[in-house]
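Working notes for the structure below.
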Amino acid sequence: MKITMIGTGYVGLVTGTCLAEVGNDVLCVDVDADKIAKLDAGEVPIHEPGLEPMVRRNAAAGRLRFTTDIDAAVAHGAIEFIAVGTPPHEDGSADMQYVLQAARNIGRRMSATKIIVNKSTVPVGTAERVKAVVAEELARRNVQIPFAVASNPEFLKEGAAVDDFMRPDRVVVGADDERAIAALRNVYAPFMRSHERLLVMDVRSAELTKYAANAMLATRISFMNELANLADELGADIEHVRQGIGSDPRIGWHFLYPGVGYGGSCFPKDVKALRHTADEHGRPLKLLAAVEAVNEGQKQVLVEKIVARLGEDLSGRRFALWGLAFKPNTDDMREAPSRTVIDALAARGARITAYDPIAMDEARRALGPRDHLSYATSPMAACEGADALVVVTEWKEFRSPDFDTLKRVLKEPLVFDGRNLYEPEMVRAAGLEYFAIGRR
Ligand SMILES: NC(=O)c1ccc[n+]([C@@H]2O[C@H](COP(=O)([O-])OP(=O)(O)OC[C@H]3O[C@@H](n4cnc5c(N)ncnc54)[C@H](O)[C@@H]3O)[C@@H](O)[C@H]2O)c1
C-alpha cells in the first residue's frame with residue numbers, strides 16, 4: 001500500500017517505520033527540514049528502543065522515504081495519516097492548527113481519491129472539521145474527488161513504541177465509511193495475525209476513547225500519589241498498600257506507582273483538553289479536575305521533603321539529580337517532572353548536577369544554558385560532593401546503586417527518592433538517610 005505519514009515525530013516516525021517494515025511503501029513528510037535532513041542522512045532524531053535499525057533497514061530497502069515536499073506527499077498515499085502535534089493552548093484546549101493545516105494541504109492538492117486518517121490525539125468532532133476543511137478546499141478548486149476521513153488514535157508508549165506498534169493491545173478505528181474501514185483493516189492485518197484486535201466504532205467514540213484511556217491512567221497515578229501522601233501522615237507504607245491492592249485482578253498492577261507526578265507529552269495535555277471539551281459542553285469533569293490538581297501538587301512533594309529536612313533556604317547547596325526524561329527509555333523532556341524539581345530547587349538558591357543516560361542532550365536543548373544547572377558524565381560523578389541525591393526518573397541503571405560508594409561521595413548522606421526505587425532498610429543500612437514517597 002502507498003501510505004503518506006504527515007508529521008514525523010514520535011508517533012509519525014514510529015508508525016511510518018512499522019508500516020514500512022511490513023512491506024508498505026511509506027513516505028513521511030514533515031515541515032521541520034532539519035528533522036528530514038537528519039532522517040535522510042540515516043540519523044534518528046529521537047530516542048526510541050529498536051527504532052534506528054528499523055528506520056535504516058526500511059530506508060535502505062526503499063520502502064521508507066522522507067520529504068518536506070508537500071506536493072509529493074499528497075500525491076503519494078492512497079491513505080494519508082495525520083500524525084502532527086496537538087499541543088495545548090493557554091486555556092487547555094488542543095491547538096488544532098497543525099491538524100487543520102495538514103488537512104488543508106491535502107484538500108488543496110489531491111487529484112485522486114484519499115482516505116485521510118487522524119492519528120493525532122484530537123478532540124471529539126475533529127474528523128468532521130477535517131472533512132469540512134478538505135471539502136472547502138475541493139470546492140474552492142471546483143473539483144469533486146471522493147474522500148473519507150477516519151479516526152485511528154494511537155496508543156503507543158514512548159520508550160516501548162516500536163514494540164507497542166508491532167504488537168498492539170488493540171487498534172481503534174472510528175469510521176462510517178466502508179472503504180475506509182476496509183483499508184484500515186488491510187493496513188493493520190499484518191499486526192494481528194494471532195487474533196483480531198481491531199475495534200471498529202463510530203468516529204466520535206474513537207476520538208473520545210483516546211482521551212478516556214489517558215485520563216484513566218492519569219487518574220490511577222494521582223490516586224496513588226494522594227494515598228502515598230496520606231500514608232506518609234499515617235505511618236503506613238504505600239508499597240505494601242500497592243501490593244495489597246494490585247493483586248486484586250479487578251484493580252491490576254499497572255499505573256499504581258506513586259512518584260513525583262505524571263508528565264510527558266500526552267497525559268498533562270490530554271487531561272487538560274478533555275476537561276476543556278467537557279467544560280464547553282457544560283459537563284465539567286470533577287474527577288479530572290482533582291486528578292490535575294493532585295498532580296500539580298505532587299511535582300512539589302519531593303522538594304517539600306527536601307525543604308523539611310534542609311530548610312527553606314538552599315543557597316550554597318548542590319543537589320545530584322538522577323533522571324531528566326519524564327520516564328525511562330525516552331529522551332522526551334516535555335512536561336518532565338524534573339523540570340519542576342530543578343526550578344523549585346533553583347528558586348531556593350540551590351545548584352543542580354544532573355545525570356540522565358539518554359536525555360541530557362535533549363535537556364540541554366529544552367532547558368537552555370542555566371547557571372544553576374550542570375551535567376555529569378555518570379550517576380556517581382553527579383553525586384561527588386553533593387548535599388543530597390534526588391532521584392526523579394526510574395531508569396534501570398539507578399535501581400541498584402552501590403550505597404556504600406554513594407555514602408562516601410555525598411557531602412551529606414541524604415537520598416530523596418521520587419520513584420520509590422529502593423528498600424528503605426537497605427539504604428539506611430548503608431548509613432544514608434532515605435526519603436521516599438509514602439514509604440515508612
Ligand atoms: N508521543 C506519544 O507518546 C504519543 C502517543 C499517542 C498519541 N500521541 C499523539 O500523536 C500526535 C503527535 O505526537 P508526537 O509526540 O509524535 O508529536 P511530535 O511533536 O513529536 O511530532 C509532530 C511532528 O509534526 C510536524 N508537523 C507539524 N505540522 C505539520 C504539517 N502541517 N505537515 C507536516 N508535519 C507537520 C512537526 O514538525 C513534528 O515533527 C499528538 O496529537 C499526540 O498527542 C502521542
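Each chain in the C-alpha cells gets a letter, A, B and so on, in the order shown; residues start at 1 in every chain, and ligands are counted from 1 in the order they appear.
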Could you find all residues in stretch 173-273 of chain A that DSSP calls helix (DSSP H, G or I) from the backbone, and write them as a compact mmCIF listing (two decimals) with all heavy atoms, in the first residue's frame?
# COMPACT_ATOMS: atom_id res chain seq x y z
N GLU A 178 -17.32 2.56 4.59
CA GLU A 178 -16.90 1.16 4.46
C GLU A 178 -15.53 1.02 3.81
O GLU A 178 -14.74 0.16 4.18
CB GLU A 178 -17.95 0.36 3.65
CG GLU A 178 -19.24 0.09 4.42
CD GLU A 178 -19.00 -0.58 5.79
OE1 GLU A 178 -18.07 -1.41 5.91
OE2 GLU A 178 -19.71 -0.23 6.76
N ARG A 179 -15.24 1.89 2.82
CA ARG A 179 -13.92 1.78 2.16
C ARG A 179 -12.80 2.12 3.14
O ARG A 179 -11.75 1.50 3.15
CB ARG A 179 -13.83 2.72 0.95
CG ARG A 179 -14.58 2.24 -0.28
CD ARG A 179 -14.76 3.39 -1.22
NE ARG A 179 -15.23 4.56 -0.46
CZ ARG A 179 -15.20 5.81 -0.88
NH1 ARG A 179 -14.70 6.10 -2.04
NH2 ARG A 179 -15.65 6.80 -0.12
N ALA A 180 -13.06 3.11 3.97
CA ALA A 180 -12.03 3.49 4.95
C ALA A 180 -11.81 2.34 5.95
O ALA A 180 -10.67 2.01 6.29
CB ALA A 180 -12.45 4.75 5.69
N ILE A 181 -12.90 1.73 6.39
CA ILE A 181 -12.77 0.63 7.34
C ILE A 181 -12.00 -0.53 6.70
O ILE A 181 -11.07 -1.08 7.29
CB ILE A 181 -14.16 0.16 7.83
CG1 ILE A 181 -14.83 1.30 8.62
CG2 ILE A 181 -14.05 -1.10 8.69
CD1 ILE A 181 -16.30 1.08 8.95
N ALA A 182 -12.36 -0.84 5.45
CA ALA A 182 -11.68 -1.96 4.76
C ALA A 182 -10.20 -1.64 4.58
O ALA A 182 -9.33 -2.51 4.79
CB ALA A 182 -12.35 -2.20 3.41
N ALA A 183 -9.89 -0.39 4.22
CA ALA A 183 -8.48 -0.03 4.01
C ALA A 183 -7.69 -0.15 5.31
O ALA A 183 -6.57 -0.67 5.33
CB ALA A 183 -8.40 1.39 3.46
N LEU A 184 -8.28 0.31 6.41
CA LEU A 184 -7.55 0.25 7.69
C LEU A 184 -7.44 -1.19 8.19
O LEU A 184 -6.45 -1.57 8.81
CB LEU A 184 -8.20 1.17 8.72
CG LEU A 184 -7.87 2.65 8.43
CD1 LEU A 184 -8.77 3.58 9.22
CD2 LEU A 184 -6.40 2.96 8.73
N ARG A 185 -8.43 -2.01 7.88
CA ARG A 185 -8.30 -3.45 8.19
C ARG A 185 -7.08 -4.03 7.48
O ARG A 185 -6.30 -4.79 8.06
CB ARG A 185 -9.54 -4.22 7.73
CG ARG A 185 -10.62 -4.30 8.75
CD ARG A 185 -11.67 -5.36 8.36
NE ARG A 185 -12.90 -5.08 9.04
CZ ARG A 185 -13.09 -5.27 10.36
NH1 ARG A 185 -12.13 -5.78 11.10
NH2 ARG A 185 -14.24 -4.97 10.92
N ASN A 186 -6.92 -3.66 6.21
CA ASN A 186 -5.76 -4.15 5.45
C ASN A 186 -4.46 -3.64 6.03
O ASN A 186 -3.48 -4.37 6.15
CB ASN A 186 -5.84 -3.69 3.98
CG ASN A 186 -6.81 -4.55 3.21
OD1 ASN A 186 -7.10 -5.68 3.60
ND2 ASN A 186 -7.34 -4.02 2.11
N VAL A 187 -4.44 -2.36 6.39
CA VAL A 187 -3.21 -1.77 6.94
C VAL A 187 -2.77 -2.53 8.19
O VAL A 187 -1.59 -2.82 8.39
CB VAL A 187 -3.43 -0.27 7.28
CG1 VAL A 187 -2.28 0.28 8.13
CG2 VAL A 187 -3.57 0.54 6.00
N TYR A 188 -3.74 -2.86 9.05
CA TYR A 188 -3.39 -3.44 10.35
C TYR A 188 -3.38 -4.97 10.38
O TYR A 188 -2.93 -5.56 11.37
CB TYR A 188 -4.32 -2.89 11.44
CG TYR A 188 -3.95 -1.47 11.80
CD1 TYR A 188 -4.71 -0.39 11.40
CD2 TYR A 188 -2.76 -1.22 12.51
CE1 TYR A 188 -4.34 0.92 11.70
CE2 TYR A 188 -2.38 0.08 12.81
CZ TYR A 188 -3.18 1.14 12.41
OH TYR A 188 -2.79 2.42 12.71
N ALA A 189 -3.84 -5.61 9.28
CA ALA A 189 -3.88 -7.09 9.28
C ALA A 189 -2.53 -7.72 9.65
O ALA A 189 -2.49 -8.68 10.44
CB ALA A 189 -4.37 -7.59 7.92
N PRO A 190 -1.40 -7.20 9.15
CA PRO A 190 -0.13 -7.86 9.50
C PRO A 190 0.20 -7.79 10.99
O PRO A 190 1.07 -8.53 11.46
CB PRO A 190 0.92 -7.05 8.71
CG PRO A 190 0.16 -6.30 7.67
CD PRO A 190 -1.21 -6.08 8.21
N PHE A 191 -0.45 -6.91 11.74
CA PHE A 191 -0.11 -6.74 13.16
C PHE A 191 -1.04 -7.54 14.07
O PHE A 191 -0.97 -7.43 15.29
CB PHE A 191 -0.17 -5.26 13.54
CG PHE A 191 0.73 -4.40 12.69
CD1 PHE A 191 0.23 -3.73 11.58
CD2 PHE A 191 2.08 -4.31 12.98
CE1 PHE A 191 1.06 -2.96 10.78
CE2 PHE A 191 2.92 -3.53 12.18
CZ PHE A 191 2.41 -2.86 11.07
N VAL A 203 -16.93 7.46 14.71
CA VAL A 203 -15.77 8.35 14.78
C VAL A 203 -15.68 9.04 16.14
O VAL A 203 -14.61 9.12 16.75
CB VAL A 203 -15.86 9.40 13.66
CG1 VAL A 203 -14.71 10.39 13.77
CG2 VAL A 203 -15.83 8.74 12.30
N ARG A 204 -16.79 9.54 16.64
CA ARG A 204 -16.74 10.31 17.89
C ARG A 204 -16.30 9.42 19.06
O ARG A 204 -15.56 9.86 19.93
CB ARG A 204 -18.11 10.94 18.19
CG ARG A 204 -18.38 12.09 17.24
CD ARG A 204 -19.64 12.84 17.52
NE ARG A 204 -19.50 14.14 16.89
CZ ARG A 204 -19.50 15.31 17.51
NH1 ARG A 204 -19.73 15.37 18.80
NH2 ARG A 204 -19.31 16.43 16.85
N SER A 205 -16.78 8.18 19.06
CA SER A 205 -16.38 7.28 20.15
C SER A 205 -14.89 6.99 20.08
O SER A 205 -14.21 6.90 21.11
CB SER A 205 -17.16 5.96 20.08
OG SER A 205 -18.53 6.23 20.13
N ALA A 206 -14.37 6.84 18.86
CA ALA A 206 -12.92 6.58 18.71
C ALA A 206 -12.13 7.76 19.24
O ALA A 206 -11.14 7.60 19.96
CB ALA A 206 -12.60 6.32 17.25
N GLU A 207 -12.57 8.96 18.88
CA GLU A 207 -11.85 10.16 19.34
C GLU A 207 -11.88 10.25 20.87
O GLU A 207 -10.86 10.55 21.51
CB GLU A 207 -12.47 11.41 18.70
CG GLU A 207 -12.17 11.52 17.21
CD GLU A 207 -12.97 12.61 16.48
OE1 GLU A 207 -14.07 12.99 16.95
OE2 GLU A 207 -12.49 13.08 15.42
N LEU A 208 -13.03 9.93 21.45
CA LEU A 208 -13.14 10.01 22.91
C LEU A 208 -12.35 8.90 23.60
O LEU A 208 -11.81 9.10 24.69
CB LEU A 208 -14.62 9.95 23.32
CG LEU A 208 -14.92 10.11 24.81
CD1 LEU A 208 -14.33 11.40 25.38
CD2 LEU A 208 -16.43 10.07 25.08
N THR A 209 -12.25 7.73 22.94
CA THR A 209 -11.54 6.59 23.55
C THR A 209 -10.11 6.96 23.92
O THR A 209 -9.61 6.60 24.99
CB THR A 209 -11.55 5.38 22.59
OG1 THR A 209 -12.90 5.00 22.35
CG2 THR A 209 -10.80 4.19 23.18
N LYS A 210 -9.44 7.68 23.03
CA LYS A 210 -8.04 8.03 23.29
C LYS A 210 -7.92 8.88 24.56
O LYS A 210 -7.09 8.63 25.43
CB LYS A 210 -7.46 8.77 22.08
CG LYS A 210 -6.07 9.32 22.29
CD LYS A 210 -5.04 8.22 22.50
CE LYS A 210 -3.77 8.77 23.09
NZ LYS A 210 -2.77 7.76 23.37
N TYR A 211 -8.78 9.88 24.67
CA TYR A 211 -8.73 10.74 25.87
C TYR A 211 -9.13 9.95 27.12
O TYR A 211 -8.56 10.14 28.19
CB TYR A 211 -9.66 11.95 25.70
CG TYR A 211 -9.09 13.01 24.79
CD1 TYR A 211 -9.54 13.16 23.50
CD2 TYR A 211 -8.07 13.86 25.24
CE1 TYR A 211 -9.01 14.14 22.66
CE2 TYR A 211 -7.54 14.83 24.42
CZ TYR A 211 -8.01 14.97 23.13
OH TYR A 211 -7.47 15.92 22.31
N ALA A 212 -10.11 9.08 26.95
CA ALA A 212 -10.57 8.30 28.11
C ALA A 212 -9.43 7.42 28.63
O ALA A 212 -9.24 7.29 29.85
CB ALA A 212 -11.77 7.44 27.71
N ALA A 213 -8.66 6.83 27.72
CA ALA A 213 -7.56 5.95 28.13
C ALA A 213 -6.53 6.74 28.93
O ALA A 213 -6.13 6.34 30.03
CB ALA A 213 -6.92 5.30 26.91
N ASN A 214 -6.09 7.87 28.39
CA ASN A 214 -5.07 8.64 29.10
C ASN A 214 -5.60 9.23 30.41
O ASN A 214 -4.88 9.31 31.40
CB ASN A 214 -4.50 9.74 28.20
CG ASN A 214 -3.43 9.18 27.27
OD1 ASN A 214 -3.06 8.02 27.36
ND2 ASN A 214 -2.93 10.00 26.37
N ALA A 215 -6.87 9.63 30.40
CA ALA A 215 -7.45 10.19 31.62
C ALA A 215 -7.53 9.12 32.71
O ALA A 215 -7.26 9.39 33.89
CB ALA A 215 -8.84 10.76 31.33
N MET A 216 -7.87 7.90 32.33
CA MET A 216 -7.93 6.81 33.31
C MET A 216 -6.55 6.54 33.90
O MET A 216 -6.40 6.39 35.12
CB MET A 216 -8.48 5.55 32.63
CG MET A 216 -8.36 4.29 33.46
SD MET A 216 -9.31 4.41 34.98
CE MET A 216 -10.72 3.43 34.55
N LEU A 217 -5.53 6.50 33.05
CA LEU A 217 -4.17 6.21 33.54
C LEU A 217 -3.69 7.34 34.46
O LEU A 217 -3.09 7.09 35.52
CB LEU A 217 -3.22 6.00 32.36
CG LEU A 217 -3.56 4.77 31.50
CD1 LEU A 217 -2.69 4.74 30.25
CD2 LEU A 217 -3.38 3.48 32.30
N ALA A 218 -3.96 8.57 34.06
CA ALA A 218 -3.57 9.71 34.90
C ALA A 218 -4.30 9.65 36.24
O ALA A 218 -3.74 9.97 37.29
CB ALA A 218 -3.88 11.02 34.17
N THR A 219 -5.54 9.21 36.21
CA THR A 219 -6.34 9.11 37.44
C THR A 219 -5.72 8.10 38.41
O THR A 219 -5.62 8.35 39.62
CB THR A 219 -7.79 8.70 37.10
OG1 THR A 219 -8.34 9.69 36.22
CG2 THR A 219 -8.65 8.59 38.34
N ARG A 220 -5.29 6.97 37.87
CA ARG A 220 -4.66 5.96 38.73
C ARG A 220 -3.40 6.53 39.38
O ARG A 220 -3.14 6.30 40.56
CB ARG A 220 -4.33 4.69 37.92
CG ARG A 220 -5.55 3.84 37.64
CD ARG A 220 -5.25 2.71 36.69
NE ARG A 220 -4.45 1.64 37.24
CZ ARG A 220 -4.91 0.46 37.66
NH1 ARG A 220 -6.20 0.21 37.61
NH2 ARG A 220 -4.10 -0.46 38.12
N ILE A 221 -2.63 7.28 38.60
CA ILE A 221 -1.40 7.84 39.15
C ILE A 221 -1.72 8.84 40.26
O ILE A 221 -1.15 8.78 41.36
CB ILE A 221 -0.55 8.50 38.04
CG1 ILE A 221 -0.05 7.43 37.07
CG2 ILE A 221 0.63 9.25 38.64
CD1 ILE A 221 0.65 7.98 35.84
N SER A 222 -2.64 9.74 40.00
CA SER A 222 -2.97 10.74 41.02
C SER A 222 -3.58 10.09 42.25
O SER A 222 -3.33 10.50 43.39
CB SER A 222 -3.92 11.82 40.46
OG SER A 222 -3.17 12.82 39.80
N PHE A 223 -4.39 9.06 42.04
CA PHE A 223 -4.99 8.34 43.17
C PHE A 223 -3.89 7.80 44.08
O PHE A 223 -3.91 7.99 45.31
CB PHE A 223 -5.87 7.20 42.63
CG PHE A 223 -6.43 6.31 43.70
CD1 PHE A 223 -7.54 6.69 44.42
CD2 PHE A 223 -5.83 5.09 43.98
CE1 PHE A 223 -8.05 5.87 45.42
CE2 PHE A 223 -6.33 4.27 44.98
CZ PHE A 223 -7.45 4.65 45.70
N MET A 224 -2.91 7.14 43.46
CA MET A 224 -1.83 6.55 44.26
C MET A 224 -0.98 7.64 44.92
O MET A 224 -0.51 7.48 46.04
CB MET A 224 -0.94 5.65 43.40
CG MET A 224 -1.57 4.33 43.08
SD MET A 224 -2.18 3.42 44.53
CE MET A 224 -0.67 2.75 45.21
N ASN A 225 -0.76 8.74 44.22
CA ASN A 225 0.03 9.81 44.81
C ASN A 225 -0.66 10.39 46.04
O ASN A 225 -0.02 10.65 47.06
CB ASN A 225 0.28 10.92 43.77
CG ASN A 225 1.39 10.53 42.81
OD1 ASN A 225 2.26 9.73 43.15
ND2 ASN A 225 1.37 11.09 41.61
N GLU A 226 -1.96 10.57 45.93
CA GLU A 226 -2.68 11.13 47.06
C GLU A 226 -2.65 10.15 48.24
O GLU A 226 -2.44 10.56 49.39
CB GLU A 226 -4.12 11.46 46.64
CG GLU A 226 -4.64 12.63 47.42
CD GLU A 226 -5.95 13.18 46.90
OE1 GLU A 226 -6.73 12.44 46.29
OE2 GLU A 226 -6.20 14.38 47.15
N LEU A 227 -2.83 8.87 47.94
CA LEU A 227 -2.78 7.88 49.03
C LEU A 227 -1.38 7.79 49.64
O LEU A 227 -1.23 7.57 50.85
CB LEU A 227 -3.22 6.52 48.53
CG LEU A 227 -4.73 6.31 48.39
CD1 LEU A 227 -5.04 4.82 48.22
CD2 LEU A 227 -5.50 6.84 49.60
N ALA A 228 -0.36 7.94 48.79
CA ALA A 228 1.03 7.87 49.30
C ALA A 228 1.27 9.01 50.28
O ALA A 228 1.89 8.82 51.34
CB ALA A 228 2.02 7.94 48.14
N ASN A 229 0.75 10.19 49.95
CA ASN A 229 0.94 11.33 50.85
C ASN A 229 0.20 11.10 52.17
O ASN A 229 0.69 11.47 53.24
CB ASN A 229 0.46 12.63 50.18
CG ASN A 229 1.25 12.93 48.92
OD1 ASN A 229 2.35 12.41 48.73
ND2 ASN A 229 0.69 13.76 48.04
N LEU A 230 -0.96 10.46 52.07
CA LEU A 230 -1.69 10.13 53.29
C LEU A 230 -0.93 9.07 54.10
O LEU A 230 -0.84 9.16 55.33
CB LEU A 230 -3.11 9.64 52.95
CG LEU A 230 -3.98 9.27 54.15
CD1 LEU A 230 -4.23 10.48 55.05
CD2 LEU A 230 -5.31 8.68 53.69
N ALA A 231 -0.38 8.09 53.38
CA ALA A 231 0.40 7.03 54.05
C ALA A 231 1.54 7.66 54.86
O ALA A 231 1.82 7.24 55.98
CB ALA A 231 0.94 6.03 53.04
N ASP A 232 2.17 8.68 54.28
CA ASP A 232 3.24 9.41 54.98
C ASP A 232 2.73 9.93 56.32
O ASP A 232 3.41 9.84 57.34
CB ASP A 232 3.70 10.61 54.13
CG ASP A 232 4.93 10.28 53.30
OD1 ASP A 232 5.62 9.30 53.62
OD2 ASP A 232 5.19 11.01 52.32
N GLU A 233 1.54 10.50 56.31
CA GLU A 233 0.97 11.06 57.54
C GLU A 233 0.62 9.97 58.54
O GLU A 233 0.73 10.15 59.74
CB GLU A 233 -0.31 11.86 57.23
CG GLU A 233 -0.11 13.10 56.40
CD GLU A 233 0.80 14.11 57.08
OE1 GLU A 233 0.72 14.24 58.32
OE2 GLU A 233 1.61 14.74 56.36
N LEU A 234 0.13 8.84 58.00
CA LEU A 234 -0.41 7.80 58.87
C LEU A 234 0.64 6.82 59.36
O LEU A 234 0.34 5.94 60.18
CB LEU A 234 -1.49 7.00 58.11
CG LEU A 234 -2.71 7.79 57.63
CD1 LEU A 234 -3.64 6.89 56.82
CD2 LEU A 234 -3.46 8.38 58.82
N ILE A 238 3.15 2.79 51.54
CA ILE A 238 2.36 2.70 50.31
C ILE A 238 2.78 1.51 49.46
O ILE A 238 1.99 0.97 48.68
CB ILE A 238 2.45 4.02 49.49
CG1 ILE A 238 1.34 4.12 48.44
CG2 ILE A 238 3.80 4.17 48.83
CD1 ILE A 238 -0.04 4.28 48.97
N GLU A 239 4.02 1.05 49.62
CA GLU A 239 4.48 -0.10 48.83
C GLU A 239 3.69 -1.36 49.23
O GLU A 239 3.28 -2.14 48.38
CB GLU A 239 5.99 -0.28 49.03
CG GLU A 239 6.59 -1.46 48.29
CD GLU A 239 6.34 -1.48 46.78
OE1 GLU A 239 5.98 -0.43 46.21
OE2 GLU A 239 6.45 -2.56 46.20
N HIS A 240 3.44 -1.51 50.53
CA HIS A 240 2.61 -2.65 50.95
C HIS A 240 1.19 -2.48 50.44
O HIS A 240 0.55 -3.43 50.01
CB HIS A 240 2.59 -2.76 52.48
CG HIS A 240 3.93 -3.11 53.05
ND1 HIS A 240 4.71 -4.11 52.55
CD2 HIS A 240 4.63 -2.58 54.09
CE1 HIS A 240 5.85 -4.19 53.24
NE2 HIS A 240 5.82 -3.26 54.18
N VAL A 241 0.70 -1.25 50.51
CA VAL A 241 -0.67 -0.97 50.06
C VAL A 241 -0.78 -1.28 48.56
O VAL A 241 -1.74 -1.90 48.10
CB VAL A 241 -1.05 0.50 50.35
CG1 VAL A 241 -2.45 0.80 49.82
CG2 VAL A 241 -0.95 0.80 51.84
N ARG A 242 0.24 -0.86 47.80
CA ARG A 242 0.24 -1.09 46.34
C ARG A 242 0.13 -2.59 46.06
O ARG A 242 -0.67 -3.03 45.23
CB ARG A 242 1.52 -0.53 45.73
CG ARG A 242 1.59 -0.65 44.22
CD ARG A 242 2.93 -0.17 43.67
NE ARG A 242 4.03 -1.08 43.97
CZ ARG A 242 4.28 -2.21 43.31
NH1 ARG A 242 3.52 -2.55 42.30
NH2 ARG A 242 5.28 -2.98 43.66
N GLN A 243 0.93 -3.37 46.77
CA GLN A 243 0.90 -4.82 46.54
C GLN A 243 -0.44 -5.40 46.98
O GLN A 243 -0.98 -6.31 46.35
CB GLN A 243 2.04 -5.48 47.29
CG GLN A 243 3.36 -4.90 46.83
CD GLN A 243 4.51 -5.90 46.88
OE1 GLN A 243 4.29 -7.09 47.03
NE2 GLN A 243 5.71 -5.39 46.74
N GLY A 244 -0.96 -4.84 48.05
CA GLY A 244 -2.23 -5.34 48.59
C GLY A 244 -3.41 -5.07 47.68
O GLY A 244 -4.37 -5.85 47.65
N ILE A 245 -3.34 -3.99 46.91
CA ILE A 245 -4.48 -3.72 46.02
C ILE A 245 -4.20 -4.21 44.60
O ILE A 245 -5.10 -4.68 43.91
CB ILE A 245 -4.91 -2.23 46.02
CG1 ILE A 245 -3.81 -1.30 45.51
CG2 ILE A 245 -5.36 -1.80 47.41
CD1 ILE A 245 -4.27 0.16 45.36
N GLY A 246 -2.93 -4.14 44.16
CA GLY A 246 -2.62 -4.54 42.79
C GLY A 246 -2.89 -6.02 42.55
O GLY A 246 -3.20 -6.43 41.42
N PHE A 267 -0.17 12.86 28.83
CA PHE A 267 -1.13 12.91 29.94
C PHE A 267 -1.51 14.35 30.31
O PHE A 267 -2.70 14.67 30.39
CB PHE A 267 -0.60 12.19 31.18
CG PHE A 267 -0.58 10.69 31.08
CD1 PHE A 267 -0.88 10.05 29.89
CD2 PHE A 267 -0.27 9.92 32.17
CE1 PHE A 267 -0.85 8.67 29.79
CE2 PHE A 267 -0.25 8.53 32.09
CZ PHE A 267 -0.53 7.91 30.91
N PRO A 268 -0.54 15.23 30.57
CA PRO A 268 -0.94 16.57 31.00
C PRO A 268 -1.83 17.27 29.98
O PRO A 268 -2.88 17.83 30.33
CB PRO A 268 0.40 17.30 31.17
CG PRO A 268 1.41 16.22 31.38
CD PRO A 268 0.94 15.06 30.56
N LYS A 269 -1.44 17.22 28.73
CA LYS A 269 -2.23 17.96 27.73
C LYS A 269 -3.56 17.28 27.45
O LYS A 269 -4.56 17.94 27.22
CB LYS A 269 -1.42 18.17 26.45
CG LYS A 269 -1.50 17.07 25.43
CD LYS A 269 -0.89 17.49 24.10
CE LYS A 269 -0.67 16.28 23.19
NZ LYS A 269 -1.87 15.57 22.79
N ASP A 270 -3.57 15.94 27.48
CA ASP A 270 -4.82 15.26 27.16
C ASP A 270 -5.85 15.41 28.29
O ASP A 270 -7.05 15.56 28.02
CB ASP A 270 -4.56 13.78 26.85
CG ASP A 270 -3.79 13.62 25.53
OD1 ASP A 270 -3.64 14.62 24.80
OD2 ASP A 270 -3.32 12.50 25.24
N VAL A 271 -5.38 15.39 29.53
CA VAL A 271 -6.31 15.62 30.65
C VAL A 271 -6.90 17.03 30.53
O VAL A 271 -8.10 17.24 30.67
CB VAL A 271 -5.59 15.42 32.01
CG1 VAL A 271 -6.43 15.96 33.16
CG2 VAL A 271 -5.29 13.94 32.24
N LYS A 272 -6.02 17.99 30.23
CA LYS A 272 -6.50 19.38 30.08
C LYS A 272 -7.49 19.50 28.94
O LYS A 272 -8.54 20.15 29.07
CB LYS A 272 -5.31 20.31 29.78
CG LYS A 272 -4.50 20.68 30.97
CD LYS A 272 -3.55 21.84 30.61
CE LYS A 272 -2.79 22.30 31.83
NZ LYS A 272 -1.87 21.30 32.36
N ALA A 273 -7.16 18.89 27.80
CA ALA A 273 -8.03 19.02 26.62
C ALA A 273 -9.38 18.37 26.86
O ALA A 273 -10.42 18.91 26.46
CB ALA A 273 -7.34 18.40 25.40
Skipping near chain neighbours, those fewer than 6 positions away, what residues fall within 8 Å of stretch 349-364 of chain A using only C-alpha atoms, listed as a PyMOL selection string? chain A and resi 47+313-325+329-333+342+372-379+382-383+395
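Among the residues of stretch 203-426 of chain A, backbone DSSP assigns strand (DSSP E) to Arg318, Phe319, Ala320, Leu321, Trp322, Arg351, Ile352, Thr353, Ala354, Tyr355, Leu373, Ser374, Tyr375, Ala388, Leu389, Val390, Val391, Leu414, Val415, Phe416 and Asp417 of chain A.
Going from atom CA of A:Lys157 over to atom CA of A:Ala102, you cover 23.9 Å.
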Selection within 7 Å of ligand 1 by only C-alpha atoms and all ligand atoms, output as a ChimeraX atom specification: /A:6-12,29-32,83-86,98-99,101-102,119-122,153-158,265-266
Report as an NGL selection string all protein, DNA and RNA residues lying within 9 Å of A:Ala436, evaluated on only C-alpha atoms, omitting residues in the same chain fewer than 5 positions from it. :A and (259 or 302 or 305 or 415-422 or 424)
Counting only C-alpha atoms, closest pick from A:Ala94, A:Val294, A:Leu198, A:Cys28 relative to A:His276 is A:Ala94
Contacts of A:Gly431 at 10 Å (only C-alpha atoms; same-chain gap of 6+ positions) as a compact mmCIF listing (two decimals) with N, CA, C and O atoms, in the first residue's frame:
# COMPACT_ATOMS: atom_id res chain seq x y z
N PHE A 403 25.46 1.61 47.47
CA PHE A 403 25.10 2.59 48.51
C PHE A 403 26.31 3.02 49.34
O PHE A 403 26.36 4.14 49.84
N ASP A 404 27.29 2.10 49.49
CA ASP A 404 28.48 2.47 50.26
C ASP A 404 29.24 3.58 49.55
O ASP A 404 29.67 4.57 50.17
N LEU A 406 27.97 5.62 47.40
CA LEU A 406 27.10 6.80 47.44
C LEU A 406 27.33 7.56 48.75
O LEU A 406 27.49 8.79 48.76
N LYS A 407 27.35 6.81 49.83
CA LYS A 407 27.55 7.43 51.15
C LYS A 407 28.90 8.15 51.21
O LYS A 407 29.02 9.24 51.76
N ARG A 408 29.88 7.52 50.58
CA ARG A 408 31.24 8.08 50.63
C ARG A 408 31.32 9.38 49.82
O ARG A 408 31.95 10.34 50.24
N PRO A 413 24.75 12.51 53.78
CA PRO A 413 24.22 11.20 53.36
C PRO A 413 22.70 11.21 53.19
O PRO A 413 21.97 10.53 53.92
N LEU A 414 22.23 11.97 52.23
CA LEU A 414 20.77 12.15 52.07
C LEU A 414 20.32 11.68 50.69
O LEU A 414 20.88 12.08 49.67
N GLU A 425 15.17 -0.06 54.19
CA GLU A 425 16.12 -0.64 55.14
C GLU A 425 17.53 -0.77 54.57
O GLU A 425 18.52 -0.54 55.26
Just want the 8 Å neighbourhood of stretch 296-299 of chain A, counted on only C-alpha atoms, with same-chain residues fewer than 6 positions away dropped. Output as a PyMOL selection string. chain A and resi 225+259-261+337+340-341
